[in-house]
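Visitor: Okay, so here is target34.txt, and as you'll see once you scroll down, it has compact mmCIF, C-alpha atoms.
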# COMPACT_ATOMS: atom_id res chain seq x y z
CA MET A 70 90.62 115.39 77.13
CA THR A 71 87.15 115.84 78.53
CA ASN A 72 85.56 118.21 80.96
CA LYS A 73 82.83 115.78 81.88
CA THR A 74 82.55 114.16 85.28
CA LEU A 75 81.76 110.60 86.24
CA MET A 76 78.22 111.73 87.09
CA ASP A 77 77.83 113.16 83.58
CA HIS A 78 78.80 109.76 82.19
CA LEU A 79 76.46 107.88 84.51
CA ASN A 80 73.57 110.15 83.59
CA TRP A 81 74.28 109.99 79.85
CA ARG A 82 74.42 106.21 79.64
CA TYR A 83 71.42 103.89 79.73
CA ALA A 84 70.84 100.26 78.82
CA THR A 85 70.33 101.00 75.15
CA LYS A 86 67.44 98.99 73.72
CA LYS A 87 67.68 99.99 70.05
CA MET A 88 71.00 100.48 68.36
CA ASP A 89 71.51 101.86 64.85
CA PRO A 90 72.96 99.02 62.74
CA ALA A 91 74.30 101.55 60.23
CA LYS A 92 76.75 103.08 62.70
CA ALA A 93 79.94 101.27 63.72
CA VAL A 94 82.03 102.22 66.72
CA PRO A 95 85.50 103.35 65.55
CA GLN A 96 88.27 100.98 66.58
CA GLU A 97 90.06 103.64 68.64
CA LYS A 98 86.99 104.01 70.83
CA VAL A 99 86.71 100.25 71.28
CA ASP A 100 90.41 100.20 72.19
CA ALA A 101 89.89 102.94 74.79
CA ILE A 102 87.04 100.97 76.38
CA ILE A 103 89.15 97.82 76.43
CA GLU A 104 92.05 99.74 77.95
CA ALA A 105 89.87 100.87 80.86
CA ILE A 106 88.68 97.30 81.37
CA ARG A 107 92.29 96.15 81.32
CA MET A 108 93.18 98.65 84.03
CA ALA A 109 90.25 97.66 86.25
CA PRO A 110 91.41 96.44 89.65
CA THR A 111 90.77 92.81 90.58
CA SER A 112 91.31 90.64 93.63
CA SER A 113 95.05 90.18 94.24
CA GLY A 114 95.63 91.53 90.73
CA THR A 115 94.66 88.19 89.22
CA GLN A 116 92.49 89.62 86.41
CA PRO A 117 90.74 86.24 86.33
CA PHE A 118 88.82 86.76 83.11
CA GLU A 119 89.34 87.33 79.42
CA MET A 120 87.51 89.51 76.96
CA ILE A 121 86.36 88.23 73.62
CA VAL A 122 85.56 90.96 71.11
CA VAL A 123 83.15 89.64 68.51
CA THR A 124 82.51 91.47 65.25
CA ASN A 125 81.90 88.51 62.93
CA PRO A 126 78.26 88.84 61.75
CA ASP A 127 77.60 85.09 61.62
CA VAL A 128 78.92 84.56 65.14
CA LEU A 129 76.96 87.56 66.40
CA ALA A 130 73.80 86.12 64.85
CA GLU A 131 74.42 82.80 66.61
CA ILE A 132 75.00 84.50 69.95
CA ARG A 133 71.86 86.58 69.47
CA LYS A 134 69.86 83.35 69.12
CA ALA A 135 71.29 82.19 72.46
CA ALA A 136 70.47 85.55 74.05
CA MET A 137 66.70 85.83 73.82
CA ASP A 138 67.01 87.37 70.35
CA GLN A 139 68.21 90.68 71.75
CA ALA A 140 68.81 92.84 68.70
CA GLN A 141 71.59 94.98 70.16
CA ILE A 142 73.92 92.01 69.69
CA THR A 143 73.70 92.32 65.91
CA ASP A 144 72.71 96.01 65.67
CA GLY A 145 75.81 97.02 67.64
CA SER A 146 79.14 96.82 65.86
CA HIS A 147 81.16 95.09 68.59
CA LEU A 148 80.16 92.57 71.24
CA LEU A 149 82.34 92.33 74.34
CA VAL A 150 82.05 88.93 76.02
CA PHE A 151 83.37 88.87 79.58
CA ALA A 152 84.52 85.30 80.22
CA ALA A 153 85.72 84.36 83.69
CA TRP A 154 88.21 81.65 84.57
CA ASP A 155 86.36 78.43 85.31
CA ASN A 156 88.75 77.79 88.20
CA TYR A 157 91.93 78.99 89.86
CA THR A 158 94.91 76.79 89.05
CA ASP A 159 98.57 76.77 90.02
CA GLU A 160 99.51 77.68 86.45
CA ARG A 161 97.19 80.66 86.31
CA ILE A 162 98.35 82.07 89.63
CA ASP A 163 102.00 81.38 88.75
CA ALA A 164 101.56 83.52 85.63
CA VAL A 165 100.25 86.36 87.85
CA THR A 166 103.25 85.96 90.16
CA GLU A 167 105.65 86.04 87.21
CA ALA A 168 104.09 89.23 85.85
CA ASN A 169 104.43 90.81 89.29
CA VAL A 170 108.04 89.74 89.64
CA ALA A 171 108.81 91.01 86.14
CA ALA A 172 107.35 94.44 86.94
CA ARG A 173 108.33 94.84 90.58
CA GLY A 174 111.35 92.65 91.10
CA ASP A 175 111.82 89.26 92.69
CA LEU A 176 110.59 90.27 96.13
CA PRO A 177 110.16 87.46 98.70
CA MET A 178 106.86 89.00 99.82
CA LEU A 179 105.41 88.68 96.31
CA ASN A 180 106.23 85.02 96.08
CA ALA A 181 104.99 84.37 99.62
CA TYR A 182 101.74 86.23 98.93
CA TYR A 183 100.90 84.30 95.79
CA ASP A 184 102.03 80.98 97.29
CA LYS A 185 99.50 81.54 100.03
CA LEU A 186 96.88 82.47 97.45
CA LYS A 187 97.46 79.20 95.62
CA GLN A 188 97.17 77.24 98.86
CA THR A 189 93.86 78.96 99.58
CA TYR A 190 92.26 79.05 96.13
CA VAL A 191 93.38 75.96 94.25
CA PRO A 192 91.88 73.32 96.62
CA ARG A 193 88.52 75.11 96.69
CA ASP A 194 85.53 73.91 94.71
CA ALA A 195 85.69 75.08 91.08
CA GLU A 196 82.24 76.69 91.41
CA VAL A 197 83.42 78.82 94.34
CA ASN A 198 86.45 79.93 92.36
CA TYR A 199 84.41 80.64 89.25
CA ALA A 200 81.95 82.71 91.31
CA HIS A 201 84.84 84.72 92.69
CA ALA A 202 86.37 85.23 89.25
CA ALA A 203 82.99 86.28 87.84
CA ARG A 204 82.68 88.99 90.48
CA GLN A 205 86.01 90.43 89.37
CA ALA A 206 84.68 90.59 85.81
CA TYR A 207 81.79 92.66 87.15
CA ILE A 208 84.20 95.27 88.55
CA ALA A 209 85.59 95.55 85.03
CA LEU A 210 82.06 95.65 83.63
CA GLY A 211 81.22 98.64 85.84
CA ILE A 212 84.35 100.44 84.69
CA GLY A 213 83.72 99.43 81.07
CA LEU A 214 80.25 101.01 81.24
CA VAL A 215 81.81 104.29 82.35
CA ALA A 216 84.50 104.01 79.67
CA ALA A 217 81.90 103.52 76.95
CA ALA A 218 79.96 106.56 78.14
CA GLU A 219 83.13 108.64 78.22
CA GLN A 220 83.65 107.67 74.56
CA GLU A 221 80.00 108.54 73.89
CA VAL A 222 79.48 104.94 72.85
CA ASP A 223 76.28 103.19 73.81
CA SER A 224 76.29 99.83 75.52
CA THR A 225 73.85 97.35 77.00
CA PRO A 226 74.96 95.00 79.76
CA MET A 227 73.23 91.65 79.22
CA GLU A 228 72.83 88.70 81.53
CA GLY A 229 69.88 87.25 79.61
CA PHE A 230 71.66 84.57 77.60
CA ASP A 231 72.46 80.90 77.84
CA PRO A 232 76.09 80.75 78.99
CA ALA A 233 76.62 77.11 77.98
CA THR A 234 75.56 77.87 74.39
CA VAL A 235 77.68 81.01 74.18
CA ASP A 236 80.63 79.06 75.60
CA GLU A 237 80.14 76.50 72.87
CA ILE A 238 79.83 79.09 70.09
CA LEU A 239 83.08 80.73 71.19
CA GLY A 240 84.93 77.56 72.19
CA LEU A 241 85.42 78.87 75.72
CA LYS A 242 85.26 75.59 77.63
CA ALA A 243 88.49 74.30 76.09
CA ARG A 244 90.14 77.55 77.17
CA GLY A 245 88.96 77.14 80.77
CA LEU A 246 86.58 80.07 80.47
CA ARG A 247 82.88 80.62 81.12
CA SER A 248 80.89 83.51 79.67
CA VAL A 249 79.59 85.80 82.41
CA VAL A 250 78.08 88.89 80.85
CA LEU A 251 77.72 90.40 77.38
CA LEU A 252 78.23 94.04 76.44
CA PRO A 253 77.21 95.08 72.92
CA LEU A 254 78.71 98.41 71.83
CA GLY A 255 77.04 100.65 69.28
CA TYR A 256 75.06 103.82 68.86
CA ARG A 257 71.54 104.46 70.07
CA ASP A 258 68.80 104.80 67.49
CA SER A 259 67.25 107.80 69.23
CA SER A 260 64.04 107.77 67.24
CA ALA A 261 63.30 104.08 67.86
CA ASP A 262 64.46 103.41 71.42
CA TRP A 263 61.51 103.26 73.81
CA LEU A 264 63.74 103.44 76.88
CA LEU A 265 65.63 106.61 75.92
CA PRO A 266 62.89 109.12 76.78
CA MET A 267 62.07 107.39 80.05
CA LYS A 268 63.20 108.74 83.38
CA LYS A 269 66.13 106.95 84.98
CA VAL A 270 64.92 105.15 88.11
CA ARG A 271 67.15 104.82 91.15
CA LYS A 272 66.44 104.26 94.83
CA SER A 273 66.76 107.25 97.13
CA VAL A 274 69.92 107.66 99.19
CA GLU A 275 67.73 107.03 102.26
CA THR A 276 66.61 103.66 100.88
CA LEU A 277 70.06 102.55 99.78
CA VAL A 278 72.34 103.90 102.47
CA SER A 279 72.42 103.62 106.24
CA THR A 280 75.06 104.86 108.65
CA VAL A 281 76.72 103.56 111.79
CA ASP A 282 78.24 106.63 113.40
CA MET B 192 84.38 120.10 87.20
CA THR B 193 87.43 118.14 86.24
CA ASN B 194 89.54 117.82 83.13
CA LYS B 195 90.73 114.37 84.05
CA THR B 196 89.77 111.28 82.12
CA LEU B 197 88.73 107.86 83.34
CA MET B 198 92.24 106.61 82.52
CA ASP B 199 93.72 109.34 84.73
CA HIS B 200 91.53 108.10 87.58
CA LEU B 201 92.41 104.45 86.98
CA ASN B 202 96.11 105.25 86.93
CA TRP B 203 95.94 107.46 90.03
CA ARG B 204 94.14 104.94 92.20
CA TYR B 205 95.72 101.90 93.83
CA ALA B 206 94.72 99.53 96.60
CA THR B 207 96.03 101.80 99.34
CA LYS B 208 97.87 99.83 102.01
CA LYS B 209 98.62 102.61 104.49
CA MET B 210 96.16 105.38 105.17
CA ASP B 211 96.83 108.45 107.28
CA PRO B 212 94.58 108.22 110.35
CA ALA B 213 94.90 111.98 110.91
CA LYS B 214 93.08 112.85 107.67
CA ALA B 215 89.32 112.46 107.34
CA VAL B 216 87.48 112.46 104.04
CA PRO B 217 85.09 115.45 103.91
CA GLN B 218 81.44 114.49 103.95
CA GLU B 219 80.76 116.08 100.55
CA LYS B 220 83.32 113.79 98.95
CA VAL B 221 81.81 110.73 100.64
CA ASP B 222 78.41 111.90 99.39
CA ALA B 223 79.75 112.21 95.82
CA ILE B 224 81.12 108.67 95.96
CA ILE B 225 77.83 107.33 97.32
CA GLU B 226 75.93 109.21 94.62
CA ALA B 227 77.95 107.46 91.89
CA ILE B 228 77.30 104.10 93.56
CA ARG B 229 73.61 104.96 93.71
CA MET B 230 73.58 105.68 89.97
CA ALA B 231 75.40 102.46 89.07
CA PRO B 232 73.34 100.28 86.74
CA THR B 233 72.13 96.91 88.00
CA SER B 234 70.25 93.98 86.55
CA SER B 235 66.65 95.01 85.75
CA GLY B 236 67.26 98.11 87.87
CA THR B 237 66.81 96.11 91.06
CA GLN B 238 69.79 97.65 92.93
CA PRO B 239 69.82 94.48 95.07
CA PHE B 240 72.19 95.73 97.74
CA GLU B 241 72.51 98.33 100.44
CA MET B 242 75.47 100.39 101.56
CA ILE B 243 76.35 100.76 105.20
CA VAL B 244 78.65 103.69 105.92
CA VAL B 245 80.53 103.04 109.15
CA THR B 246 82.40 105.82 110.96
CA ASN B 247 81.93 104.67 114.56
CA PRO B 248 85.44 103.91 115.88
CA ASP B 249 84.34 101.01 118.11
CA VAL B 250 82.45 99.33 115.28
CA LEU B 251 85.36 99.91 112.89
CA ALA B 252 87.70 98.28 115.40
CA GLU B 253 85.41 95.26 115.64
CA ILE B 254 85.19 94.94 111.86
CA ARG B 255 88.97 95.26 111.58
CA LYS B 256 89.31 92.25 113.89
CA ALA B 257 87.06 90.27 111.53
CA ALA B 258 89.08 91.44 108.52
CA MET B 259 92.56 90.07 109.10
CA ASP B 260 93.47 93.16 111.11
CA GLN B 261 93.71 95.31 107.99
CA ALA B 262 94.59 98.76 109.29
CA GLN B 263 92.90 100.76 106.53
CA ILE B 264 89.57 99.95 108.19
CA THR B 265 90.44 102.08 111.20
CA ASP B 266 93.01 104.40 109.55
CA GLY B 267 90.46 105.46 106.94
CA SER B 268 87.69 107.78 108.06
CA HIS B 269 84.75 105.98 106.42
CA LEU B 270 84.11 102.33 105.72
CA LEU B 271 81.65 101.47 102.97
CA VAL B 272 80.14 98.02 103.43
CA PHE B 273 78.43 96.67 100.31
CA ALA B 274 75.72 94.29 101.53
CA ALA B 275 73.74 92.30 98.97
CA TRP B 276 70.21 91.02 99.35
CA ASP B 277 70.27 87.49 100.73
CA ASN B 278 67.47 86.57 98.33
CA TYR B 279 64.97 87.99 95.85
CA THR B 280 61.47 88.19 97.28
CA ASP B 281 58.10 89.30 95.98
CA GLU B 282 58.20 92.29 98.32
CA ARG B 283 61.60 93.44 97.16
CA ILE B 284 60.74 93.20 93.48
CA ASP B 285 57.35 94.82 94.08
CA ALA B 286 59.15 97.82 95.57
CA VAL B 287 61.26 98.07 92.40
CA THR B 288 58.11 97.90 90.27
CA GLU B 289 56.46 100.61 92.36
CA ALA B 290 59.48 102.92 91.97
CA ASN B 291 59.38 102.36 88.22
CA VAL B 292 55.67 103.03 88.01
CA ALA B 293 56.05 106.17 90.13
CA ALA B 294 58.78 107.53 87.83
CA ARG B 295 57.58 106.30 84.44
CA GLY B 296 53.85 105.86 84.75
CA ASP B 297 51.66 102.79 85.22
CA LEU B 298 52.72 101.09 81.98
CA PRO B 299 51.46 97.53 81.40
CA MET B 300 54.91 96.53 80.10
CA LEU B 301 56.56 97.51 83.39
CA ASN B 302 54.20 95.40 85.44
CA ALA B 303 54.51 92.50 83.02
CA TYR B 304 58.29 92.71 83.06
CA TYR B 305 58.61 92.63 86.82
CA ASP B 306 55.90 89.99 87.21
CA LYS B 307 57.99 87.76 84.98
CA LEU B 308 61.10 88.64 86.98
CA LYS B 309 59.36 87.54 90.18
CA GLN B 310 58.27 84.28 88.59
CA THR B 311 61.86 83.63 87.51
CA TYR B 312 63.80 84.81 90.57
CA VAL B 313 61.70 84.11 93.64
CA PRO B 314 61.49 80.30 93.27
CA ARG B 315 65.25 80.00 92.73
CA ASP B 316 67.61 78.87 95.45
CA ALA B 317 68.54 81.70 97.81
CA GLU B 318 72.25 81.14 97.16
CA VAL B 319 71.76 81.61 93.41
CA ASN B 320 69.87 84.82 94.04
CA TYR B 321 72.43 86.09 96.54
CA ALA B 322 75.25 85.34 94.06
CA HIS B 323 73.40 87.33 91.42
CA ALA B 324 72.79 90.23 93.79
CA ALA B 325 76.44 90.22 94.88
CA ARG B 326 77.55 90.59 91.26
CA GLN B 327 75.43 93.72 90.95
CA ALA B 328 77.18 95.13 94.01
CA TYR B 329 80.47 94.59 92.19
CA ILE B 330 79.33 96.78 89.30
CA ALA B 331 78.73 99.49 91.87
CA LEU B 332 82.08 98.73 93.49
CA GLY B 333 83.85 99.30 90.17
CA ILE B 334 82.07 102.60 89.71
CA GLY B 335 82.69 103.55 93.36
CA LEU B 336 86.43 103.03 92.86
CA VAL B 337 86.38 105.46 89.94
CA ALA B 338 84.27 107.91 91.95
CA ALA B 339 86.71 107.86 94.85
CA ALA B 340 89.64 108.50 92.51
CA GLU B 341 87.77 111.38 90.88
CA GLN B 342 87.37 112.89 94.35
CA GLU B 343 91.09 112.22 94.97
CA VAL B 344 90.07 109.98 97.83
CA ASP B 345 91.97 106.77 98.42
CA SER B 346 90.18 103.48 98.81
CA THR B 347 91.01 99.80 99.26
CA PRO B 348 88.58 97.15 98.06
CA MET B 349 88.66 94.26 100.55
CA GLU B 350 87.36 90.74 100.27
CA GLY B 351 89.56 89.40 103.07
CA PHE B 352 87.08 89.39 105.92
CA ASP B 353 84.69 86.99 107.60
CA PRO B 354 81.27 87.90 106.20
CA ALA B 355 79.30 86.10 108.92
CA THR B 356 81.06 88.08 111.64
CA VAL B 357 80.67 91.40 109.83
CA ASP B 358 76.98 90.58 109.27
CA GLU B 359 76.63 89.99 113.00
CA ILE B 360 78.46 93.19 113.98
CA LEU B 361 76.19 95.24 111.71
CA GLY B 362 72.99 93.27 112.32
CA LEU B 363 72.66 92.54 108.61
CA LYS B 364 71.04 89.10 108.80
CA ALA B 365 67.84 90.48 110.32
CA ARG B 366 67.71 92.95 107.44
CA GLY B 367 68.04 90.19 104.83
CA LEU B 368 71.51 91.36 103.83
CA ARG B 369 74.94 89.74 103.52
CA SER B 370 78.19 91.67 103.46
CA VAL B 371 79.97 91.25 100.14
CA VAL B 372 82.91 93.60 99.98
CA LEU B 373 84.41 96.38 102.12
CA LEU B 374 85.74 99.72 100.87
CA PRO B 375 87.61 101.88 103.37
CA LEU B 376 87.95 105.52 102.30
CA GLY B 377 90.78 107.74 103.46
CA TYR B 378 94.02 109.32 102.38
CA ARG B 379 97.25 107.53 101.53
CA ASP B 380 100.17 107.92 103.89
CA SER B 381 102.64 108.43 101.03
CA SER B 382 105.74 108.03 103.17
CA ALA B 383 104.63 104.73 104.73
CA ASP B 384 102.82 102.86 101.97
CA TRP B 385 105.02 100.15 100.48
CA LEU B 386 102.70 99.64 97.51
CA LEU B 387 102.59 103.27 96.35
CA PRO B 388 106.03 103.36 94.65
CA MET B 389 105.50 100.00 92.98
CA LYS B 390 104.63 99.69 89.33
CA LYS B 391 101.03 98.87 88.53
CA VAL B 392 100.83 95.35 87.10
CA ARG B 393 98.30 94.50 84.42
CA LYS B 394 98.16 91.82 81.77
CA SER B 395 98.89 92.87 78.20
CA VAL B 396 96.01 93.47 75.82
CA GLU B 397 97.22 90.39 73.92
CA THR B 398 96.87 88.23 77.03
CA LEU B 399 93.50 89.58 78.06
CA VAL B 400 91.71 90.12 74.77
CA SER B 401 90.98 87.94 71.77
CA THR B 402 88.86 88.71 68.72
CA VAL B 403 86.37 86.85 66.58
CA ASP B 404 86.18 88.86 63.38
Would you write out, as structure tokens, the structure that this file holds?

Guide:
Amino acid sequence: MTNKTLMDHLNWRYATKKMDPAKAVPQEKVDAIIEAIRMAPTSSGTQPFEMIVVTNPDVLAEIRKAAMDQAQITDGSHLLVFAAWDNYTDERIDAVTEANVAARGDLPMLNAYYDKLKQTYVPRDAEVNYAHAARQAYIALGIGLVAAAEQEVDSTPMEGFDPATVDEILGLKARGLRSVVLLPLGYRDSSADWLLPMKKVRKSVETLVSTVD
Amino acid sequence: MTNKTLMDHLNWRYATKKMDPAKAVPQEKVDAIIEAIRMAPTSSGTQPFEMIVVTNPDVLAEIRKAAMDQAQITDGSHLLVFAAWDNYTDERIDAVTEANVAARGDLPMLNAYYDKLKQTYVPRDAEVNYAHAARQAYIALGIGLVAAAEQEVDSTPMEGFDPATVDEILGLKARGLRSVVLLPLGYRDSSADWLLPMKKVRKSVETLVSTVD
């Protein structure tokens, strides 16, 4: 139980630049972060991505090379790889329908809903479907960032990597997946992280928000 | 102050299907949700989206027509429209640099970093840049969903709308913005919402997560 608010978590977290390689995140904290990601809402409940949790040092070193040598990948203890579906297929949507029917009963509306989804999604260009799936992974990323902060675990969302190389390292293509974003988990090295003492920069409400009332 | 965890919020929330039009979300709760969205992390701190908060009934009715007649748009009291930048431009990135310099000081590394970002982003195809900006809005969407739940405010993320029409209704094109996702805020009508009593459906950890250790 915590008495911290979402704002506390958002203020505590930052894109950690230097992690302490001597400190590993306990498995129960990793599990709690994964559980929040698993509960993240997605479009039509499809959850069109998978998570690959990498702890193997050799694999982490390879991924680091494909990610502009960012040290958090090997200094952190766990790397979460968000990998989106490369396309929507009948089989994938059927599996979603089956899970819904198993949990909620064999309701005609469920079958009709997902039949329509298949008719809409499956004929679309694979790139359009991948782009849509990747966005869903970003909802989960946002929630995962909050989950890590709640666990007082540091994390660094990373887009600066070569997806094709990471896909190859992890064998994602054969699984119909494409790496979207990386999230190393670890603990900040407070004495060596240049970003930690810096002020958080955000646009003003006036810049970001307008109203139509 | 709350003693609820992120998991409590994720379990409490659901994609509300029927909102009570008689109940309006208090402004301070809307402000708290917007504040969390404002603090959401984004790629290189660009925050490449704006939020339009619509409460005008006529405008809400027009948007509802462009959104498959989904009633939450008018039954909710506030509609958050996440609108991503249609492109990265020198001016937009310069404004980010200026905000960083104002908060952190005129550090050579800041200027160098954002100069490189401009060189990378600005020549790219506008669609690539918009897709990237839209993903950042989805991080904020994920955090906004948690924020709403923390405020015990119901919300329904919506992709089922015609973006071009919504852009026209809100005059977004002239502002270099494209609507990405809608989030009506309101209060569930517990007696009339067919989804509320249904079990939440999520894939198992085994289905969603694999490890490389």

Visitor: Considering all atoms listed in the file, state which residue in the set A:Leu210, A:Gln139, A:Asn72, A:Gly174 is at the smallest distance from Met108 of chain A.

Guide: A:Leu210

Visitor: Which chain A residues have any atom within 6 Å of an atom of chain B, and for each, what is the nearest pair of atoms with distance in Å to one decimal, counting only C-alpha atoms, rows sorted by chain and number, as a tab-separated table?

Guide:
residue	atom	partner	partner_atom	distance
A:Thr71	CA	B:Asn194	CA	5.5
A:Asn72	CA	B:Asn194	CA	4.5
A:Glu119	CA	B:Leu399	CA	4.9
A:Met120	CA	B:Val400	CA	4.8
A:Ile121	CA	B:Ser401	CA	5.0
A:Val122	CA	B:Thr402	CA	4.7
A:Val123	CA	B:Val403	CA	4.7
A:Thr124	CA	B:Asp404	CA	4.9
A:Asn125	CA	B:Asp404	CA	4.3
A:Arg204	CA	B:Arg326	CA	5.4
A:Tyr207	CA	B:Ile330	CA	5.3
A:Ile208	CA	B:Gly333	CA	4.4
A:Gly211	CA	B:Ile330	CA	4.4
A:Ile212	CA	B:Gly333	CA	5.6
A:Leu277	CA	B:Glu241	CA	4.9
A:Val278	CA	B:Met242	CA	4.8
A:Ser279	CA	B:Ile243	CA	5.0
A:Thr280	CA	B:Val244	CA	4.7
A:Val281	CA	B:Val245	CA	4.7
A:Asp282	CA	B:Asn247	CA	4.3

Visitor: Give me, please, the distance in Å between atom CA of Ser224 of chain A and atom CA of Tyr304 of chain B, quoted to one decimal.

Guide: 20.8 Å

Visitor: Interatomic distance between atom CA of Ile142 of chain A and atom CA of Ala130 of chain A?

Guide: 7.6 Å

Visitor: Using all atoms listed in the file, pick whichever of B:Ala262, B:Leu363, B:Leu386, B:Val344 has the shortest atom-to-atom distance to Ala215 of chain B.

Guide: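 Among the listed residues, the smallest separation from Ala215 of chain B belongs to B:Val344.
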
Visitor: Rounded to one decimal place, report the atom CA of Ala383 of chain B-atom CA of Ala213 of chain B distance in Å.

Guide: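 Taking atom CA of Ala383 of chain B and atom CA of Ala213 of chain B, their separation equals 13.6 Å.
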
Visitor: Select all residues near (70.5, 101.7, 68.3) (cut-off 6 Å, inclusive, file coordinates), counting all atoms listed in the file, and output them as a list in words.

Guide: Lys87, Met88, Asp89, Tyr256, Arg257 and Asp258 of chain A

Visitor: If we draw a sphere of 12 Å around (89.7, 74.7, 86.3), which residues have at least one atom in it when counting all atoms listed in the file? Please report them as a list of chain:residue names.

Guide: A:Pro117, A:Ala153, A:Trp154, A:Asp155, A:Asn156, A:Tyr157, A:Thr158, A:Asp159, A:Glu160, A:Arg161, A:Ile162, A:Tyr190, A:Val191, A:Pro192, A:Arg193, A:Asp194, A:Ala195, A:Glu196, A:Val197, A:Asn198, A:Tyr199, A:Ala202, A:Lys242, A:Ala243, A:Arg244, A:Gly245, A:Leu246, A:Arg247

Visitor: Identify which of the residues A:Asp262, A:Asp231, A:Asp184, A:Glu221 lies closest to Val99 of chain A, counting only C-alpha atoms when measuring atom-to-atom distances.

Guide: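 Of the candidates, the smallest distance to Val99 of chain A is held by A:Glu221.
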
Visitor: Smallest atom-to-atom distance to Met137 of chain A: which of A:Ala218, A:Thr85, A:Thr234, A:Val249, using all atoms listed in the file?

Guide: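 Nearest candidate to Met137 of chain A out of A:Ala218, A:Thr85, A:Thr234, A:Val249: A:Thr234.
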
Visitor: Can you take segment 194-206 of chain A from the block and write N, CA, C and O atoms as a short mmCIF file (atom, residue, chain, number, x, y, z; two decimals), in the first residue's frame?

Guide:
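Output file out-v7.cif follows:
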data_model
loop_
_atom_site.label_atom_id
_atom_site.label_comp_id
_atom_site.auth_asym_id
_atom_site.auth_seq_id
_atom_site.Cartn_x
_atom_site.Cartn_y
_atom_site.Cartn_z
N ASP A 194 -3.69 -2.33 -45.03
CA ASP A 194 -2.25 -2.46 -45.22
C ASP A 194 -1.58 -2.83 -43.89
O ASP A 194 -1.93 -2.28 -42.83
N ALA A 195 -0.60 -3.73 -43.96
CA ALA A 195 0.09 -4.18 -42.74
C ALA A 195 0.72 -3.01 -41.99
O ALA A 195 0.74 -2.99 -40.76
N GLU A 196 1.21 -2.02 -42.71
CA GLU A 196 1.86 -0.87 -42.04
C GLU A 196 0.84 -0.06 -41.23
O GLU A 196 1.16 0.44 -40.15
N VAL A 197 -0.36 0.07 -41.76
CA VAL A 197 -1.43 0.77 -41.03
C VAL A 197 -1.76 0.01 -39.75
O VAL A 197 -1.90 0.60 -38.67
N ASN A 198 -1.85 -1.30 -39.87
CA ASN A 198 -2.18 -2.12 -38.71
C ASN A 198 -1.06 -2.12 -37.68
O ASN A 198 -1.31 -2.02 -36.48
N TYR A 199 0.17 -2.20 -38.17
CA TYR A 199 1.31 -2.13 -37.24
C TYR A 199 1.32 -0.78 -36.51
O TYR A 199 1.52 -0.73 -35.29
N ALA A 200 1.08 0.30 -37.24
CA ALA A 200 1.08 1.63 -36.62
C ALA A 200 0.02 1.70 -35.52
O ALA A 200 0.25 2.27 -34.45
N HIS A 201 -1.11 1.10 -35.79
CA HIS A 201 -2.19 1.10 -34.80
C HIS A 201 -1.80 0.26 -33.59
O HIS A 201 -2.02 0.67 -32.43
N ALA A 202 -1.22 -0.89 -33.83
CA ALA A 202 -0.79 -1.76 -32.73
C ALA A 202 0.30 -1.08 -31.90
O ALA A 202 0.29 -1.15 -30.66
N ALA A 203 1.21 -0.38 -32.58
CA ALA A 203 2.30 0.29 -31.86
C ALA A 203 1.75 1.36 -30.92
O ALA A 203 2.25 1.54 -29.81
N ARG A 204 0.72 2.06 -31.37
CA ARG A 204 0.12 3.07 -30.48
C ARG A 204 -0.42 2.45 -29.20
O ARG A 204 -0.33 3.02 -28.12
N GLN A 205 -1.00 1.26 -29.33
CA GLN A 205 -1.53 0.59 -28.13
C GLN A 205 -0.39 0.26 -27.16
O GLN A 205 -0.54 0.36 -25.95
N ALA A 206 0.75 -0.13 -27.73
CA ALA A 206 1.91 -0.41 -26.88
C ALA A 206 2.33 0.85 -26.11
O ALA A 206 2.82 0.75 -24.98
#
